[in-house]
Structures are given as C-alpha cells and as structure tokens.
file work37.txt (compact mmCIF, C-alpha atoms (C1' of nucleotides))
# COMPACT_ATOMS: atom_id res chain seq x y z
CA MET A 1 0.00 0.00 0.00
CA GLU A 2 2.97 2.29 0.55
CA ARG A 3 4.20 1.25 -2.84
CA PHE A 4 0.90 2.50 -4.23
CA GLN A 5 1.30 5.84 -2.50
CA ASP A 6 4.89 6.21 -3.61
CA ILE A 7 4.27 5.44 -7.23
CA CYS A 8 1.20 7.65 -7.36
CA ARG A 9 3.22 10.56 -6.05
CA THR A 10 6.15 10.01 -8.36
CA HIS A 11 3.89 9.83 -11.37
CA ARG A 12 1.55 12.58 -10.25
CA LEU A 13 -1.44 10.27 -10.13
CA LYS A 14 -4.15 11.41 -7.76
CA MET A 15 -5.04 8.94 -5.05
CA THR A 16 -8.75 8.85 -5.65
CA PRO A 17 -10.96 6.48 -3.69
CA GLN A 18 -11.63 4.53 -6.87
CA ARG A 19 -7.97 3.93 -7.51
CA THR A 20 -7.36 2.97 -3.91
CA VAL A 21 -10.07 0.33 -3.97
CA ILE A 22 -8.95 -1.03 -7.31
CA TYR A 23 -5.38 -1.34 -6.17
CA ARG A 24 -6.37 -3.04 -2.95
CA GLU A 25 -8.43 -5.59 -4.83
CA ILE A 26 -5.88 -6.46 -7.42
CA ILE A 27 -3.05 -7.14 -5.03
CA ARG A 28 -5.37 -9.28 -2.95
CA ASP A 29 -6.40 -11.34 -5.95
CA LYS A 30 -4.43 -14.54 -6.36
CA ARG A 31 -5.64 -15.32 -9.87
CA HIS A 32 -5.07 -13.21 -12.97
CA PRO A 33 -8.27 -11.20 -13.16
CA THR A 34 -9.57 -9.34 -16.17
CA ALA A 35 -10.94 -5.80 -15.97
CA GLU A 36 -14.40 -7.31 -15.95
CA MET A 37 -13.66 -9.62 -13.01
CA LEU A 38 -12.07 -6.82 -11.05
CA TYR A 39 -15.01 -4.58 -11.82
CA ARG A 40 -17.39 -7.08 -10.27
CA LYS A 41 -15.27 -7.35 -7.14
CA VAL A 42 -14.70 -3.65 -6.73
CA ARG A 43 -18.36 -2.86 -7.11
CA ARG A 44 -19.06 -4.71 -3.91
CA THR A 45 -17.28 -2.06 -1.87
CA PHE A 46 -17.83 0.80 -4.33
CA PRO A 47 -21.18 0.29 -6.06
CA THR A 48 -21.15 3.51 -8.06
CA ILE A 49 -17.85 2.89 -9.82
CA SER A 50 -18.00 2.46 -13.58
CA PHE A 51 -16.48 -0.33 -15.58
CA ASP A 52 -14.76 2.28 -17.61
CA THR A 53 -12.89 3.63 -14.65
CA VAL A 54 -11.71 0.20 -13.65
CA ASN A 55 -10.51 -0.51 -17.15
CA ARG A 56 -8.79 2.83 -17.55
CA THR A 57 -7.23 2.66 -14.12
CA LEU A 58 -5.74 -0.74 -14.80
CA ARG A 59 -4.19 0.57 -17.98
CA GLY A 60 -2.77 3.44 -15.99
CA PHE A 61 -1.36 1.14 -13.32
CA CYS A 62 0.41 -0.80 -16.04
CA ARG A 63 1.88 2.33 -17.48
CA VAL A 64 3.51 3.30 -14.21
CA GLY A 65 4.58 -0.25 -13.45
CA LEU A 66 2.29 -0.85 -10.47
CA ILE A 67 0.94 -3.98 -12.10
CA ASP A 68 1.53 -6.01 -15.23
CA ALA A 69 -0.76 -7.13 -17.99
CA ILE A 70 -0.80 -10.56 -19.52
CA GLU A 71 -2.14 -10.35 -23.00
CA SER A 72 -4.68 -12.94 -23.97
CA SER A 73 -6.71 -11.82 -26.91
CA GLY A 74 -10.24 -13.10 -27.11
CA ARG A 75 -11.12 -13.55 -23.51
CA GLY A 76 -9.88 -10.16 -22.37
CA ARG A 77 -6.63 -8.89 -21.00
CA MET A 78 -5.54 -10.27 -17.65
CA TYR A 79 -3.74 -8.32 -14.97
CA GLU A 80 -1.46 -9.31 -12.16
CA PRO A 81 0.17 -7.51 -9.30
CA ASN A 82 3.80 -6.96 -10.09
CA GLN A 83 5.41 -8.08 -6.88
CA VAL A 84 7.57 -11.13 -6.32
CA PRO A 85 9.40 -12.66 -9.28
CA HIS A 86 7.52 -15.66 -10.53
CA HIS A 87 6.84 -17.79 -13.57
CA HIS A 88 3.87 -19.02 -15.52
CA ILE A 89 2.28 -22.27 -16.53
CA LYS A 90 -0.19 -21.88 -19.30
CA CYS A 91 -2.75 -24.52 -20.12
CA ARG A 92 -2.98 -25.08 -23.84
CA GLN A 93 -6.57 -26.25 -23.55
CA CYS A 94 -8.34 -23.81 -21.28
CA GLY A 95 -5.91 -20.91 -21.46
CA ALA A 96 -5.62 -20.57 -17.69
CA ILE A 97 -2.35 -19.17 -16.42
CA VAL A 98 -1.09 -20.05 -12.98
CA ASP A 99 1.94 -18.72 -11.19
CA PHE A 100 4.74 -20.73 -9.71
CA GLN A 101 8.02 -19.87 -8.09
CA ASP A 102 11.40 -21.34 -8.73
CA PRO A 103 14.70 -20.04 -7.39
CA VAL A 104 16.67 -21.58 -10.26
CA PHE A 105 14.53 -19.87 -12.88
CA ASP A 106 14.77 -16.62 -10.94
CA ARG A 107 18.53 -16.65 -11.27
CA LEU A 108 18.72 -17.15 -15.04
CA SER A 109 21.18 -14.72 -16.50
CA VAL A 110 20.41 -12.82 -19.65
CA PRO A 111 22.97 -13.31 -22.46
CA ASP A 112 25.31 -10.36 -22.95
CA SER A 113 24.51 -10.16 -26.64
CA ILE A 114 20.97 -9.26 -25.65
CA ARG A 115 21.85 -6.95 -22.78
CA LYS A 116 23.91 -4.94 -25.23
CA LYS A 117 20.91 -4.10 -27.35
CA TYR A 118 17.91 -4.32 -25.06
CA ASN A 119 17.20 -2.73 -21.74
CA ILE A 120 15.90 -5.82 -19.95
CA ILE A 121 13.76 -5.12 -16.92
CA GLY A 122 12.24 -8.51 -16.28
CA LYS A 123 12.29 -12.15 -17.21
CA ARG A 124 10.02 -15.10 -16.85
CA VAL A 125 9.82 -18.75 -17.75
CA VAL A 126 6.59 -19.82 -19.38
CA LEU A 127 5.69 -23.48 -19.39
CA ILE A 128 3.04 -24.67 -21.80
CA GLY A 129 1.05 -27.79 -21.19
CA THR A 130 -2.19 -29.25 -20.01
CA CYS A 131 -3.55 -28.52 -16.56
CA PRO A 132 -4.86 -31.29 -14.29
CA THR A 133 -8.47 -30.31 -14.90
CA CYS A 134 -8.18 -30.41 -18.67
CA GLN A 135 -6.30 -33.70 -18.56
CA GLN A 136 -9.30 -35.28 -16.89
CA LYS A 137 -11.94 -33.69 -19.01
CA GLY A 138 -9.96 -33.96 -22.21
CA GLY A 139 -11.55 -30.55 -22.59
CA ARG A 140 -10.69 -28.27 -25.47
CA LYS A 141 -11.12 -24.63 -26.19
CA HIS A 142 -8.27 -22.92 -27.97
CA GLY A 143 -4.66 -23.72 -28.47
CA ASN A 144 -2.03 -21.10 -28.09
CA GLN A 145 1.16 -20.20 -26.39
CA GLY A 146 3.18 -17.14 -25.43
CA MET B 1 5.99 -28.81 -46.26
CA GLU B 2 5.95 -32.52 -45.58
CA ARG B 3 5.05 -31.70 -42.02
CA PHE B 4 2.07 -29.83 -43.38
CA GLN B 5 0.99 -32.81 -45.45
CA ASP B 6 1.46 -35.22 -42.57
CA ILE B 7 -0.45 -33.23 -40.05
CA CYS B 8 -3.25 -32.50 -42.45
CA ARG B 9 -3.66 -36.19 -43.12
CA THR B 10 -3.52 -37.21 -39.47
CA HIS B 11 -6.13 -34.62 -38.56
CA ARG B 12 -8.25 -35.13 -41.64
CA LEU B 13 -7.75 -31.58 -42.81
CA LYS B 14 -8.16 -31.14 -46.53
CA MET B 15 -5.17 -29.67 -48.31
CA THR B 16 -6.94 -26.87 -50.07
CA PRO B 17 -4.99 -24.35 -52.13
CA GLN B 18 -5.85 -21.67 -49.58
CA ARG B 19 -4.36 -23.65 -46.72
CA THR B 20 -1.28 -24.49 -48.72
CA VAL B 21 -0.57 -20.86 -49.51
CA ILE B 22 -1.23 -19.75 -45.96
CA TYR B 23 1.08 -22.37 -44.54
CA ARG B 24 3.82 -21.50 -46.99
CA GLU B 25 3.62 -17.84 -46.08
CA ILE B 26 3.63 -18.28 -42.35
CA ILE B 27 6.66 -20.53 -42.21
CA ARG B 28 8.49 -18.12 -44.47
CA ASP B 29 7.67 -15.15 -42.24
CA LYS B 30 10.38 -14.30 -39.77
CA ARG B 31 8.30 -11.92 -37.69
CA HIS B 32 5.19 -12.80 -35.72
CA PRO B 33 2.45 -11.84 -38.14
CA THR B 34 -1.18 -11.28 -37.28
CA ALA B 35 -4.03 -12.69 -39.33
CA GLU B 36 -4.31 -9.30 -40.98
CA MET B 37 -0.64 -9.17 -41.97
CA LEU B 38 -0.75 -12.68 -43.33
CA TYR B 39 -3.91 -11.89 -45.23
CA ARG B 40 -2.18 -9.05 -47.03
CA LYS B 41 0.76 -11.26 -47.98
CA VAL B 42 -1.32 -14.22 -49.07
CA ARG B 43 -3.52 -12.07 -51.23
CA ARG B 44 -0.56 -11.33 -53.45
CA THR B 45 -0.45 -14.91 -54.67
CA PHE B 46 -4.11 -15.67 -54.07
CA PRO B 47 -6.15 -12.50 -54.69
CA THR B 48 -9.58 -14.04 -54.17
CA ILE B 49 -8.92 -15.41 -50.70
CA SER B 50 -10.97 -13.91 -47.89
CA PHE B 51 -9.68 -12.54 -44.64
CA ASP B 52 -12.05 -14.86 -42.91
CA THR B 53 -10.45 -17.93 -44.38
CA VAL B 54 -7.02 -16.78 -43.33
CA ASN B 55 -8.20 -16.12 -39.83
CA ARG B 56 -10.07 -19.37 -39.51
CA THR B 57 -7.26 -21.37 -41.05
CA LEU B 58 -4.75 -19.97 -38.61
CA ARG B 59 -6.97 -20.96 -35.73
CA GLY B 60 -7.18 -24.43 -37.21
CA PHE B 61 -3.43 -24.69 -37.64
CA CYS B 62 -3.05 -23.83 -33.97
CA ARG B 63 -5.50 -26.48 -32.97
CA VAL B 64 -3.54 -29.22 -34.70
CA GLY B 65 -0.19 -27.87 -33.54
CA LEU B 66 1.12 -26.74 -36.93
CA ILE B 67 1.77 -23.28 -35.57
CA ASP B 68 1.47 -21.43 -32.29
CA ALA B 69 -0.37 -18.30 -31.29
CA ILE B 70 1.01 -15.56 -29.13
CA GLU B 71 -1.81 -13.74 -27.47
CA SER B 72 -1.57 -9.99 -27.52
CA SER B 73 -4.90 -8.36 -26.95
CA GLY B 74 -5.40 -4.99 -28.57
CA ARG B 75 -3.35 -5.25 -31.69
CA GLY B 76 -4.53 -8.69 -32.61
CA ARG B 77 -3.29 -12.19 -32.06
CA MET B 78 0.13 -13.01 -33.46
CA TYR B 79 1.12 -16.33 -34.95
CA GLU B 80 4.42 -18.07 -35.34
CA PRO B 81 5.61 -21.22 -37.03
CA ASN B 82 6.27 -23.78 -34.36
CA GLN B 83 9.64 -25.09 -35.39
CA VAL B 84 12.90 -24.79 -33.54
CA PRO B 85 12.84 -24.16 -29.77
CA HIS B 86 13.35 -20.51 -29.09
CA HIS B 87 12.66 -17.72 -26.65
CA HIS B 88 11.10 -14.29 -26.71
CA ILE B 89 12.05 -10.73 -25.98
CA LYS B 90 9.07 -8.50 -25.59
CA CYS B 91 9.33 -4.74 -25.80
CA ARG B 92 7.34 -3.09 -23.06
CA GLN B 93 6.87 0.03 -25.15
CA CYS B 94 5.88 -1.09 -28.62
CA GLY B 95 4.81 -4.63 -27.84
CA ALA B 96 7.01 -6.18 -30.51
CA ILE B 97 8.16 -9.71 -29.82
CA VAL B 98 11.36 -11.01 -31.31
CA ASP B 99 12.80 -14.49 -31.13
CA PHE B 100 16.19 -15.48 -29.89
CA GLN B 101 17.92 -18.75 -29.32
CA ASP B 102 19.87 -19.86 -26.29
CA PRO B 103 21.12 -23.37 -25.64
CA VAL B 104 21.19 -22.81 -21.89
CA PHE B 105 17.57 -21.74 -21.81
CA ASP B 106 16.64 -24.66 -24.04
CA ARG B 107 17.98 -27.08 -21.47
CA LEU B 108 16.07 -25.77 -18.46
CA SER B 109 14.48 -28.62 -16.60
CA VAL B 110 10.96 -28.43 -15.35
CA PRO B 111 10.60 -29.01 -11.59
CA ASP B 112 9.22 -32.42 -10.67
CA SER B 113 6.51 -30.92 -8.54
CA ILE B 114 5.08 -29.40 -11.70
CA ARG B 115 5.63 -32.40 -13.95
CA LYS B 116 3.60 -34.44 -11.49
CA LYS B 117 0.52 -32.34 -12.04
CA TYR B 118 0.86 -30.85 -15.49
CA ASN B 119 1.54 -32.43 -18.83
CA ILE B 120 4.22 -30.01 -20.01
CA ILE B 121 4.76 -29.93 -23.75
CA GLY B 122 6.83 -26.80 -24.15
CA LYS B 123 8.76 -24.13 -22.35
CA ARG B 124 10.08 -20.71 -23.12
CA VAL B 125 11.92 -17.85 -21.50
CA VAL B 126 10.34 -14.46 -21.98
CA LEU B 127 12.47 -11.38 -21.43
CA ILE B 128 10.71 -8.07 -20.95
CA GLY B 129 12.41 -4.79 -21.69
CA THR B 130 12.83 -1.98 -24.14
CA CYS B 131 13.90 -2.59 -27.70
CA PRO B 132 16.66 -0.50 -29.34
CA THR B 133 14.18 1.46 -31.41
CA CYS B 134 12.03 2.47 -28.46
CA GLN B 135 15.08 3.37 -26.41
CA GLN B 136 16.00 5.97 -29.02
CA LYS B 137 12.54 7.33 -29.59
CA GLY B 138 11.55 7.11 -25.98
CA GLY B 139 8.38 6.01 -27.71
CA ARG B 140 5.41 4.78 -25.75
CA LYS B 141 2.30 2.89 -26.56
CA HIS B 142 1.18 0.33 -24.06
CA GLY B 143 2.87 -1.47 -21.24
CA ASN B 144 2.36 -5.10 -20.66
CA GLN B 145 4.02 -8.38 -20.22
CA GLY B 146 3.30 -12.09 -20.55
C1' DC C 1 -8.41 27.33 -8.05
C1' DT C 2 -6.57 23.95 -11.44
C1' DC C 3 -5.69 19.91 -13.65
C1' DG C 4 -6.41 15.42 -13.77
C1' DG C 5 -10.11 11.86 -12.99
C1' DT C 6 -14.75 9.96 -13.46
C1' DG C 7 -18.80 8.28 -15.75
C1' DC C 8 -21.43 7.93 -19.75
C1' DA C 9 -22.07 7.01 -24.49
C1' DA C 10 -20.28 6.27 -28.98
C1' DA C 11 -16.76 4.56 -32.01
C1' DA C 12 -13.16 1.52 -33.28
C1' DT C 13 -11.06 -2.92 -33.37
C1' DG C 14 -10.87 -7.69 -33.46
C1' DT C 15 -13.03 -12.37 -33.08
C1' DT C 16 -16.57 -15.76 -33.81
C1' DT C 17 -20.68 -17.78 -35.93
C1' DG C 18 -24.43 -19.16 -39.51
C1' DC C 19 -25.21 -20.48 -43.91
C1' DA C 20 -25.35 -21.44 -48.96
C1' DA C 21 -22.39 -22.73 -52.58
C1' DG C 22 -18.07 -25.03 -53.87
C1' DT C 23 -14.45 -28.68 -53.78
C1' DA C 24 -10.93 -32.22 -52.08
C1' DC C 25 -10.95 -36.87 -51.37
C1' DG D 1 -21.27 -38.45 -53.42
C1' DT D 2 -20.09 -36.72 -48.88
C1' DA D 3 -18.11 -34.12 -45.57
C1' DC D 4 -15.25 -30.49 -45.03
C1' DT D 5 -14.20 -25.59 -46.71
C1' DT D 6 -14.85 -21.17 -48.35
C1' DG D 7 -16.57 -16.49 -48.54
C1' DC D 8 -19.81 -13.30 -47.07
C1' DA D 9 -22.32 -10.92 -43.60
C1' DA D 10 -23.98 -10.43 -39.20
C1' DA D 11 -23.28 -10.95 -34.30
C1' DC D 12 -20.23 -10.50 -30.32
C1' DA D 13 -16.82 -9.13 -27.20
C1' DT D 14 -13.63 -5.87 -25.82
C1' DT D 15 -10.91 -1.80 -25.93
C1' DT D 16 -10.47 3.06 -26.81
C1' DT D 17 -12.02 7.88 -27.30
C1' DG D 18 -14.73 12.43 -26.59
C1' DC D 19 -16.70 15.27 -23.46
C1' DA D 20 -19.02 17.63 -19.51
C1' DC D 21 -18.93 17.60 -14.66
C1' DC D 22 -16.49 16.70 -10.31
C1' DG D 23 -12.97 16.57 -6.74
C1' DA D 24 -7.96 15.85 -4.96
C1' DG D 25 -4.04 18.49 -4.24
call {"tool": "encode", "arguments": {"input": "work37.txt", "output": "structure tokens"}}
result
Amino acid sequence: MERFQDICRTHRLKMTPQRTVIYREIIRDKRHPTAEMLYRKVRRTFPTISFDTVNRTLRGFCRVGLIDAIESSGRGRMYEPNQVPHHHIKCRQCGAIVDFQDPVFDRLSVPDSIRKKYNIIGKRVVLIGTCPTCQQKGGRKHGNQG
Amino acid sequence: MERFQDICRTHRLKMTPQRTVIYREIIRDKRHPTAEMLYRKVRRTFPTISFDTVNRTLRGFCRVGLIDAIESSGRGRMYEPNQVPHHHIKCRQCGAIVDFQDPVFDRLSVPDSIRKKYNIIGKRVVLIGTCPTCQQKGGRKHGNQG
DNA sequence: CTCGGTGCAAAATGTTTGCAAGTAC
DNA sequence: GTACTTGCAAACATTTTGCACCGAG
C-alpha cells in the first residue's frame, strides 16, 4: 500500500478512492483477473464505480509499473500484481495461467549479446502444457502459447 | 511442407490451395504476423482469398499444432511457425516480440513438482524490456508483459 | 483554483458464428 | 457423393475515445 502511495506521487497520479479500492483488490487477488472480473469485485465495496474507470485505471497502473498485464486476446486482458518474481504455466486447452516460483529460474542470466541491445527489466519462464483439470476432461477450447 | 501434409492427413484436414498458400507464407515469415498481416501477404499470390479464411485457417493450424499463437490483446493475435525451440524478448513500449535462441535456456528442466501435475509440452523464457528502437525514440504505446 | 479523474455514451477494433455454394478426397 | 471448406455478412466481445462535470491536491 505504501508502494501504491509512492508510485502515485512520483507519477503525479491522484489517489482517488476509486484507484485505492482497485489497487487493494488487485493485489489481494491470487488469480489473474480481467478488468471485468475486477469490476465485479470492486463494485461490492464501491457500487457507483463504472467499468470504464476500472478498465482505464488498470491501464494506468500498467503504465507506471504498479501492475503487469498478460495479453490474452479473445477472452480479455488479464492483470497481475507486479510483486515477487515468478513464472507461468499456461494450459494449452483452457488458457488458464497459474503462477509458480522457482529459485533456479529466478537466477537465469540474460545473455550479454541481448543486454547490449535491449534494456531488460524482467524475465520469466513460461511453461506450456495441459492442466490437471483439462487432462481429466480432455476438454478443449483454444490452443495457443506465449 | 511434408510436415504440413502429414499433419493434415492425421487430422483429416483437406489440403486446399488456400491452406497451402497460408502455410507456406507463415513458415516463411520471420516476424510474428497477425491474421491481418498474413492476409495481405497471401492475397498477393491468391487474390480471391478472404480474410475470414485466413483467420479461420490460422486458428485451425493452432488447434492441430502446426503453428502457435502468441496472445496480444489490442493489436490482434500473433502467430508463429512452431519449429525450432526458441525464446522471446518483448518490448514493453511497442509490444514487438522477437525471437532469440539460447542453448542454456533450451535445457532448463521443469521441476518435478510441476511435472507431477501438469503435462508439459513446451517451455520458453520471456524477457521483458525496451527494444533498441524504443530506447532511441523514448516512444510509448502500451505497457504489458506475458 | 486547477488539472487530472470519473462516468457515460459512442466509435473503433478484433473475433466468432451461420449459412449457402463449392471442392478435395 | 459426402463431408469439409470457403466467402460473405452479421453478431459478439472488448478496448479506446470524446466530453461535460467533479474533486484531490
């Protein structure tokens, strides 16, 4: 929550009640919610808020680095709090993305040839496969990978 | 091209001229084209093809594993031929994704705890940063990460 | 008091579906 | 000949923009 205050000040974002509630909800959320999902949650404590504000606020949070977005065309952009380093497993069937942590992956070093050209600010391992649920169901939806 | 034939047969996909042209174009493309970009290229050798067919065909190719999709809400889904193992650098500013290869990254082993639950069929390191072009321009567009 | 933020509505963008006619096998 | 495909158009889902009013700093 201090992080929120800090970053708002540095970027001259006003700490409106809407933004405060939105931030509180997204860092509490352990999944990767979309704007729509967050909107539904936030409305419980702030019934007059508009979907538009939630959506626009999330974009803004991304811009200043408070949170990250995980693109997933079709079913809507997903957001995640940008805190501890972690990695992703993505289910090829249902598209769900779950986090996992791994000290070895955290310590991967970026090749010099790339550091020379790019300003790398983050890294992540993405595993692609089939989640337990989809393995049982043999369910299918779309197949993709990032 | 044999791969194309094989997979079409195994999945009972008809090898229509449209599909052949689309496949040829996407494996030739070194970027990560969207359906729209591919449509424009394919139309040069197949002027009567519809955007819809390109779009639907690409989805189909994903389903059977001929190619992969990289989700990127907003500017449209990007596709890539699914050949050699490789990794991604994603520019936080312009959203461009470029491939790179790295033997060390290729050899990363998936933790047993995950293998036990998930059926992992692929893995990839994703670096997030700023590309050379955006560093110069200081350009901005959207900020996100997968 | 001022500038950025909010909420509403409209516009833009991109994806998916239904269907009749066409074609690979 | 049959089942899968294509192309077109409409339906959907989602994101983005314009603008008047409001409120945090």
call {"tool": "residues_around", "arguments": {"input": "work37.txt", "residues": "DG7 (chain D)", "least_positions_apart": "4", "cutoff": "12 Å", "atoms": "only C-alpha atoms (C1' of nucleotides)", "output": "VMD selection string"}}
result
(chain B and resid 18 48 to 54 56) or (chain C and resid 19 to 22)
call {"tool": "atom_distance", "arguments": {"input": "work37.txt", "atom1": "CA of Tyr118 (chain A)", "atom2": "CA of Cys91 (chain B)"}}
result
8.6 Å
call {"tool": "closest_atom_pairs", "arguments": {"input": "work37.txt", "of": "chain C", "to": "chain A", "cutoff": "8 Å", "atoms": "all atoms listed in the file", "output": "Markdown table"}}
result
| residue | atom | partner | partner_atom | distance |
| --- | --- | --- | --- | --- |
| C:DG4 | C1' | A:Lys14 | CA | 7.6 |
| C:DG5 | C1' | A:Lys14 | CA | 7.9 |
| C:DT6 | C1' | A:Thr53 | CA | 6.7 |
| C:DG7 | C1' | A:Ser50 | CA | 6.3 |
| C:DT15 | C1' | A:Gly74 | CA | 6.6 |
call {"tool": "interface_residues", "arguments": {"input": "work37.txt", "of": "chain D", "to": "chain B", "cutoff": "9 Å", "atoms": "all atoms listed in the file", "output": "PyMOL selection string"}}
result
chain D and resi 4-8+14-15
call {"tool": "residues_around", "arguments": {"input": "work37.txt", "residues": "region 121-125 of chain B", "least_positions_apart": "5", "cutoff": "6 Å", "atoms": "all atoms listed in the file", "output": "list in words"}}
result
Arg124, Val125, Val126, Leu127, Ile128 and Gly129 of chain A; His87 of chain B
call {"tool": "write_last_selection", "arguments": {"input": "work37.txt", "atoms": "C-alpha atoms", "output": "PDB file, in the frame of the given file"}}
result
ATOM      1  CA  ARG A 124      10.020 -15.100 -16.850  1.00  0.00           C
ATOM      2  CA  VAL A 125       9.820 -18.750 -17.750  1.00  0.00           C
ATOM      3  CA  VAL A 126       6.590 -19.820 -19.380  1.00  0.00           C
ATOM      4  CA  LEU A 127       5.690 -23.480 -19.390  1.00  0.00           C
ATOM      5  CA  ILE A 128       3.040 -24.670 -21.800  1.00  0.00           C
ATOM      6  CA  GLY A 129       1.050 -27.790 -21.190  1.00  0.00           C
TER       7      GLY A 129
ATOM      8  CA  HIS B  87      12.660 -17.720 -26.650  1.00  0.00           C
TER       9      HIS B  87
END
call {"tool": "residues_around", "arguments": {"input": "work37.txt", "residues": "Arg24 (chain B)", "least_positions_apart": "3", "cutoff": "12 Å", "atoms": "all atoms listed in the file", "output": "NGL selection string"}}
result
:B and (1-5 or 17-21 or 27-29 or 38 or 41-42 or 45 or 66-67 or 81)
call {"tool": "closest_residue", "arguments": {"input": "work37.txt", "among": "A:Tyr39, A:Cys131, A:Ile7, A:Gln136", "to": "chain B", "atoms": "all atoms listed in the file"}}
result
A:Cys131
call {"tool": "closest_residue", "arguments": {"input": "work37.txt", "among": "A:Ser72, A:Thr34, A:Gln101, A:Gln83", "to": "Ile114 (chain B)", "atoms": "all atoms listed in the file"}}
result
A:Gln101
call {"tool": "closest_residue", "arguments": {"input": "work37.txt", "among": "B:Met78, B:Ile89, B:Ile22, B:Ala69", "to": "chain A", "atoms": "all atoms listed in the file"}}
result
B:Ala69
call {"tool": "residues_around", "arguments": {"input": "work37.txt", "residues": "Val104 (chain A)", "least_positions_apart": "5", "cutoff": "10 Å", "atoms": "all atoms listed in the file", "output": "number ranges by chain"}}
result
B: 108-109, 111
call {"tool": "atom_distance", "arguments": {"input": "work37.txt", "atom1": "CA of Asp68 (chain B)", "atom2": "CA of Asp112 (chain A)"}}
result
27.9 Å
call {"tool": "atom_distance", "arguments": {"input": "work37.txt", "atom1": "CA of Gly76 (chain B)", "atom2": "CA of Leu58 (chain A)"}}
result
19.5 Å
call {"tool": "closest_residue", "arguments": {"input": "work37.txt", "among": "A:Cys134, A:Ala35, A:Ile70, A:Val84", "to": "chain B", "atoms": "only C-alpha atoms"}}
result
A:Ile70
call {"tool": "axis_aligned_box", "arguments": {"input": "work37.txt", "around": "region 45-64 of chain A", "padding_each_side": "6 Å", "output": "JSON"}}
result
{"center_x": -8.8, "center_y": 0.8, "center_z": -9.9, "size_x": 36.7, "size_y": 17.7, "size_z": 28.1}
call {"tool": "closest_residue", "arguments": {"input": "work37.txt", "among": "A:Arg59, A:Arg40, A:Arg31, A:Arg9", "to": "chain B", "atoms": "only C-alpha atoms"}}
result
A:Arg59
call {"tool": "closest_residue", "arguments": {"input": "work37.txt", "among": "B:Asp106, B:Lys90, B:Ile97, B:Cys62", "to": "chain A", "atoms": "only C-alpha atoms"}}
result
B:Cys62
